[in-house]
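Enquirer: Below you'll find the structure I mean.
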Amino acid sequence: MELLQLSQKSDFETVQIPLPSSKSESNRVLIIDALTEGENQISNLAEARDTQTMINLLKTNPPVFDVLDAGTTMRFLTAYGTVTNQKKVMTGTPRMCERPIGILVDALRAIGAEIHYLNIEGYPPLAIHGLNEQTTNQVKIRGDVSSQYISAMLMIAPILPMGLELELEGKVGSRTYIEMTLELMRNFGIAYTWEENRITVKHQSYQPSTFSVESDWSGASYWFSLLACADSGTLFLKGLKKDSLQGDSAIVEIMDRLGIRSTFEKDGVLLEKQAVKGLETYDFTHCPDLAQTVAVTCAILGQNSIFTGLESLRIKETDRIFALQEELARFNAQLKEIEPDVFQVIPSVTMPHEVKIHTYDDHRMAMAFMPLLTKTQVIIEDPSVVNKSYPSFWKHCQLAGITTQQL
């Protein structure tokens, strides 16, 4: 297995990080672009493998859509293939075929789609046989499992002959991602209403537009964490907007509690150290992709914090709850479930001279544990996992003055 050694470093001069583009925005805009009648001018698409996979599949349109390990690509293309009345097989990596898709398939079947599972009920691979006739415009869908199912349905809603009324059942998780989807749709001419738990999109046409993808707030979170854990320094993160569509911009609020002052400037945000105020509790329901980063930060900084809203972490690239518990233990910290779906970060008391981090085929595990290098030497197993969302991550670490060495 490939190993990458990160040498200990705790002081950072003023460094500019040219963040990657948001794959969340990119993947949504690509589907909208594919559904738009006319030419769009879209710029700054993400270099992430998930996005490049989406671009390639839409361009080449093969009979089998192999999405590799890209969850959004799987969900969005399943809905896209259905509404455009294509016959497709949807598949991916072994882990991708362990990630549930039944809620989305049930919603598509409810409006008249013909979809069959090829192996295990509720999971890829699956065969799409199209949507010959829409049978209803009213669909109920759970809101507490994955917002990607909801976003997939919303993006195809305008071109459905009857439009769509989507009723969200139960607690709505990752609400900011649903809001992102709707606002991107609005950018391309789509009107909608969202009243209480019901989102209504009438039949209408996407309009050609111009859109530039923002830098990725999820990718920014690792640099917030690095500076929070460091002894000194400043960082400038390029391409971020104060009024962002991305829910992970919540990292500004979180890191304000953990010792980072954020100042927005014309072309990005300046990060400076300040006193730690303390993070007693945080609900990650609407920004679950930040949970690993914040858990590691709290464990390093000595913050005994309570986390909720982590339910969706078990069906991500790996079971992120289990992965966090295993890897935090490597430097004598814990993520302890103190009651159902309520977790306590118990900080590290003694730091080993070296920590080796297993990444579980999960890009966020590699990046979230990088800030450990402020306290000890770190070895990252399978460092290329970052290609899923942030291929230039290790190069950007070198930009920040971090010494990396392949072992």
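Chain labels run A, B, ... following the order of the structure tokens; each chain numbers its residues from 1, and ligands are numbered from 1 in the order shown.
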Within 8 Å of stretch 160-173 of chain A, counting only C-alpha atoms, which residues show up once you throw out same-chain ones fewer than 6 positions away? Write them as a list in words, please.
Expert: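 The contact residues come out as Val83, Gln134, Thr136, Asn137, Gln138, Val139, Lys140, Ile141, Arg142, Gly143, Asp144, Val145, Ser146, Ser147, Leu154, Asn197, Arg198, Ile199, Thr200, Val201, Lys202, His203, Gln204, Thr285, His286 and Gly309 of chain A.
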Enquirer: With C-alpha atoms retained, write the just-selected residues as a short mmCIF file (atom, residue, chain, number, x, y, z; two decimals), in the first residue's frame.
Expert:
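Result written to selection_12.cif:
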data_model
loop_
_atom_site.label_atom_id
_atom_site.label_comp_id
_atom_site.auth_asym_id
_atom_site.auth_seq_id
_atom_site.Cartn_x
_atom_site.Cartn_y
_atom_site.Cartn_z
CA VAL A 83 -36.38 11.31 -17.19
CA GLN A 134 -45.75 10.22 -15.82
CA THR A 136 -48.48 11.27 -10.80
CA ASN A 137 -46.82 14.51 -9.75
CA GLN A 138 -47.10 13.88 -6.00
CA VAL A 139 -44.28 11.98 -4.32
CA LYS A 140 -43.37 11.45 -0.68
CA ILE A 141 -39.67 11.02 0.13
CA ARG A 142 -37.80 10.68 3.40
CA GLY A 143 -35.76 13.74 4.30
CA ASP A 144 -33.45 12.18 6.87
CA VAL A 145 -31.34 9.76 4.80
CA SER A 146 -29.67 11.61 1.93
CA SER A 147 -30.42 15.00 0.43
CA LEU A 154 -35.85 18.23 -7.99
CA ASN A 197 -42.35 20.25 4.06
CA ARG A 198 -43.60 20.52 0.46
CA ILE A 199 -41.52 21.62 -2.53
CA THR A 200 -43.43 22.33 -5.75
CA VAL A 201 -41.84 22.67 -9.18
CA LYS A 202 -44.24 23.13 -12.10
CA HIS A 203 -43.52 21.96 -15.65
CA GLN A 204 -41.27 24.57 -17.29
CA THR A 285 -27.47 17.62 10.31
CA HIS A 286 -27.02 20.16 7.51
CA GLY A 309 -26.74 14.97 13.30
#
Enquirer: Which residues come within 12 Å of A:Pro62, counting only C-alpha atoms, excluding same-chain residues fewer than 2 positions away, as a tab-separated table (two decimals) with N, CA and C atoms, in the first residue's frame?
Expert:
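Contents of part.tsv, as written:
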chain	number	residue	atom	x	y	z
A	54	MET	N	-18.60	12.36	-14.07
A	54	MET	CA	-19.89	12.86	-14.57
A	54	MET	C	-19.73	13.45	-15.97
A	56	ASN	N	-17.46	12.84	-18.23
A	56	ASN	CA	-17.13	11.79	-19.19
A	56	ASN	C	-18.38	10.98	-19.57
A	57	LEU	N	-19.19	10.61	-18.57
A	57	LEU	CA	-20.36	9.79	-18.85
A	57	LEU	C	-21.41	10.55	-19.65
A	58	LEU	N	-21.60	11.83	-19.34
A	58	LEU	CA	-22.56	12.63	-20.10
A	58	LEU	C	-22.09	12.84	-21.54
A	59	LYS	N	-20.78	12.96	-21.70
A	59	LYS	CA	-20.23	13.22	-23.04
A	59	LYS	C	-20.26	11.98	-23.92
A	60	THR	N	-19.86	10.82	-23.35
A	60	THR	CA	-19.73	9.61	-24.16
A	60	THR	C	-21.02	8.79	-24.19
A	64	VAL	N	-23.56	1.49	-20.24
A	64	VAL	CA	-23.37	1.26	-18.80
A	64	VAL	C	-22.76	2.51	-18.20
A	65	PHE	N	-23.46	3.11	-17.24
A	65	PHE	CA	-22.92	4.26	-16.50
A	65	PHE	C	-22.18	3.71	-15.27
A	66	ASP	N	-20.87	3.59	-15.37
A	66	ASP	CA	-20.05	3.16	-14.25
A	66	ASP	C	-19.55	4.42	-13.54
A	67	VAL	N	-20.12	4.71	-12.38
A	67	VAL	CA	-19.83	5.97	-11.67
A	67	VAL	C	-18.63	5.85	-10.74
A	81	GLY	N	-31.06	9.75	-16.34
A	81	GLY	CA	-31.27	8.69	-17.32
A	81	GLY	C	-32.73	8.30	-17.42
A	86	GLN	N	-33.90	6.94	-21.15
A	86	GLN	CA	-32.80	6.13	-21.64
A	86	GLN	C	-32.86	4.73	-21.03
A	87	LYS	N	-32.20	3.81	-21.70
A	87	LYS	CA	-32.01	2.46	-21.15
A	87	LYS	C	-30.56	2.36	-20.73
A	88	LYS	N	-30.34	2.29	-19.42
A	88	LYS	CA	-28.99	2.33	-18.86
A	88	LYS	C	-28.84	1.30	-17.76
A	89	VAL	N	-27.64	0.80	-17.61
A	89	VAL	CA	-27.25	0.06	-16.41
A	89	VAL	C	-26.41	1.01	-15.56
A	90	MET	N	-26.78	1.15	-14.29
A	90	MET	CA	-26.06	1.99	-13.35
A	90	MET	C	-25.26	1.09	-12.41
Enquirer: Write out as number ranges by chain the set of residues from stretch 104-272 of chain A that DSSP, computed on the backbone, places in alpha helix (DSSP H).
Expert: A: 104-110, 147-156, 175-187, 217-229, 251-257
Enquirer: Could you turn the residues from that selection into a file that holds C-alpha atoms, as a short mmCIF file (atom, residue, chain, number, x, y, z; two decimals), in the first residue's frame?
Expert:
data_model
loop_
_atom_site.label_atom_id
_atom_site.label_comp_id
_atom_site.auth_asym_id
_atom_site.auth_seq_id
_atom_site.Cartn_x
_atom_site.Cartn_y
_atom_site.Cartn_z
CA LEU A 104 -34.64 7.39 -5.00
CA VAL A 105 -35.71 4.38 -7.06
CA ASP A 106 -39.03 4.21 -5.17
CA ALA A 107 -39.63 7.90 -5.87
CA LEU A 108 -38.87 7.46 -9.58
CA ARG A 109 -41.10 4.38 -9.77
CA ALA A 110 -43.88 6.37 -8.07
CA SER A 147 -30.42 15.00 0.43
CA GLN A 148 -28.98 13.71 -2.85
CA TYR A 149 -32.16 11.71 -3.48
CA ILE A 150 -34.20 14.87 -3.08
CA SER A 151 -31.86 16.95 -5.25
CA ALA A 152 -31.95 14.29 -7.97
CA MET A 153 -35.75 14.44 -8.07
CA LEU A 154 -35.85 18.23 -7.99
CA MET A 155 -33.50 18.71 -10.94
CA ILE A 156 -35.65 16.55 -13.22
CA ARG A 175 -31.12 21.09 4.07
CA THR A 176 -28.48 23.47 2.74
CA TYR A 177 -27.71 21.04 -0.11
CA ILE A 178 -31.39 21.04 -1.12
CA GLU A 179 -31.37 24.84 -1.00
CA MET A 180 -28.23 24.84 -3.18
CA THR A 181 -29.98 22.67 -5.77
CA LEU A 182 -33.03 24.93 -5.87
CA GLU A 183 -31.00 28.13 -6.12
CA LEU A 184 -28.92 26.68 -8.96
CA MET A 185 -32.17 25.74 -10.72
CA ARG A 186 -33.39 29.32 -10.19
CA ASN A 187 -30.17 30.56 -11.82
CA TRP A 217 -15.95 24.98 1.21
CA SER A 218 -15.54 21.30 2.13
CA GLY A 219 -11.97 21.50 0.84
CA ALA A 220 -11.48 24.78 2.71
CA SER A 221 -12.37 23.13 6.02
CA TYR A 222 -9.07 21.23 6.25
CA TRP A 223 -7.12 24.49 6.09
CA PHE A 224 -9.28 26.05 8.82
CA SER A 225 -8.48 22.98 10.92
CA LEU A 226 -4.75 23.10 10.15
CA LEU A 227 -4.43 26.71 11.33
CA ALA A 228 -6.65 26.09 14.37
CA CYS A 229 -4.30 23.29 15.46
CA ILE A 251 -17.08 26.00 8.94
CA VAL A 252 -16.61 29.77 9.45
CA GLU A 253 -19.01 29.74 12.41
CA ILE A 254 -17.61 26.49 13.82
CA MET A 255 -13.98 27.55 13.60
CA ASP A 256 -14.76 30.92 15.15
CA ARG A 257 -15.37 28.82 18.28
#
Enquirer: With only C-alpha atoms as the basis for distance, which of A:Ser262, A:Thr403, A:Ser22, A:Gln398 is at the shortest distance from A:Val213?
Expert: A:Ser22
Enquirer: Expressed in Å to a single decimal, how great is the separation between atom CA of A:Asp382 and atom CA of A:Gln406?
Expert: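 Atom CA of A:Gln406 lies at a distance of 10.4 Å from atom CA of A:Asp382.
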Enquirer: If you run DSSP on the backbone here, which positions in stretch 131-230 of chain A get strand (DSSP E or B)? Please write them as number ranges by chain.
Expert: A: 138-142, 164-169, 193-195, 198-201, 210-212, 215
Enquirer: Expressed in Å to a single decimal, how great is the separation between atom CA of A:Leu313 and atom CA of A:His363?
Expert: 13.5 Å
Enquirer: For A:Pro125, work out the shell of residues within 9 Å, counting only C-alpha atoms and skipping chain neighbours fewer than 6 positions away, then give it as a list of chain:residue names.
Expert: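 Answer for this query is A:Val89, A:Met90, A:Thr91, A:Gly92, A:Met96, A:Cys97, A:His116, A:Tyr117, A:Leu118, A:Asn119.
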Enquirer: Since we have the selection now, will you write its residues out, keeping N, CA and C atoms, as a short mmCIF file (atom, residue, chain, number, x, y, z; two decimals), in the first residue's frame?
Expert:
data_model
loop_
_atom_site.label_atom_id
_atom_site.label_comp_id
_atom_site.auth_asym_id
_atom_site.auth_seq_id
_atom_site.Cartn_x
_atom_site.Cartn_y
_atom_site.Cartn_z
N VAL A 89 -27.64 0.80 -17.61
CA VAL A 89 -27.25 0.06 -16.41
C VAL A 89 -26.41 1.01 -15.56
N MET A 90 -26.78 1.15 -14.29
CA MET A 90 -26.06 1.99 -13.35
C MET A 90 -25.26 1.09 -12.41
N THR A 91 -23.94 1.33 -12.34
CA THR A 91 -23.12 0.53 -11.45
C THR A 91 -21.94 1.36 -10.95
N GLY A 92 -21.10 0.75 -10.11
CA GLY A 92 -19.94 1.45 -9.57
C GLY A 92 -19.03 0.47 -8.85
N MET A 96 -19.64 1.33 -3.73
CA MET A 96 -20.78 2.08 -4.27
C MET A 96 -22.01 1.19 -4.33
N CYS A 97 -21.81 -0.09 -4.61
CA CYS A 97 -22.94 -1.02 -4.70
C CYS A 97 -23.42 -1.47 -3.33
N HIS A 116 -35.18 -1.71 -12.55
CA HIS A 116 -35.02 -3.02 -11.94
C HIS A 116 -33.65 -3.13 -11.29
N TYR A 117 -33.60 -3.78 -10.14
CA TYR A 117 -32.32 -4.07 -9.50
C TYR A 117 -31.72 -5.32 -10.14
N LEU A 118 -30.41 -5.33 -10.30
CA LEU A 118 -29.72 -6.45 -10.93
C LEU A 118 -29.08 -7.40 -9.94
N ASN A 119 -29.09 -7.03 -8.67
CA ASN A 119 -28.47 -7.89 -7.65
C ASN A 119 -29.30 -7.85 -6.38
#
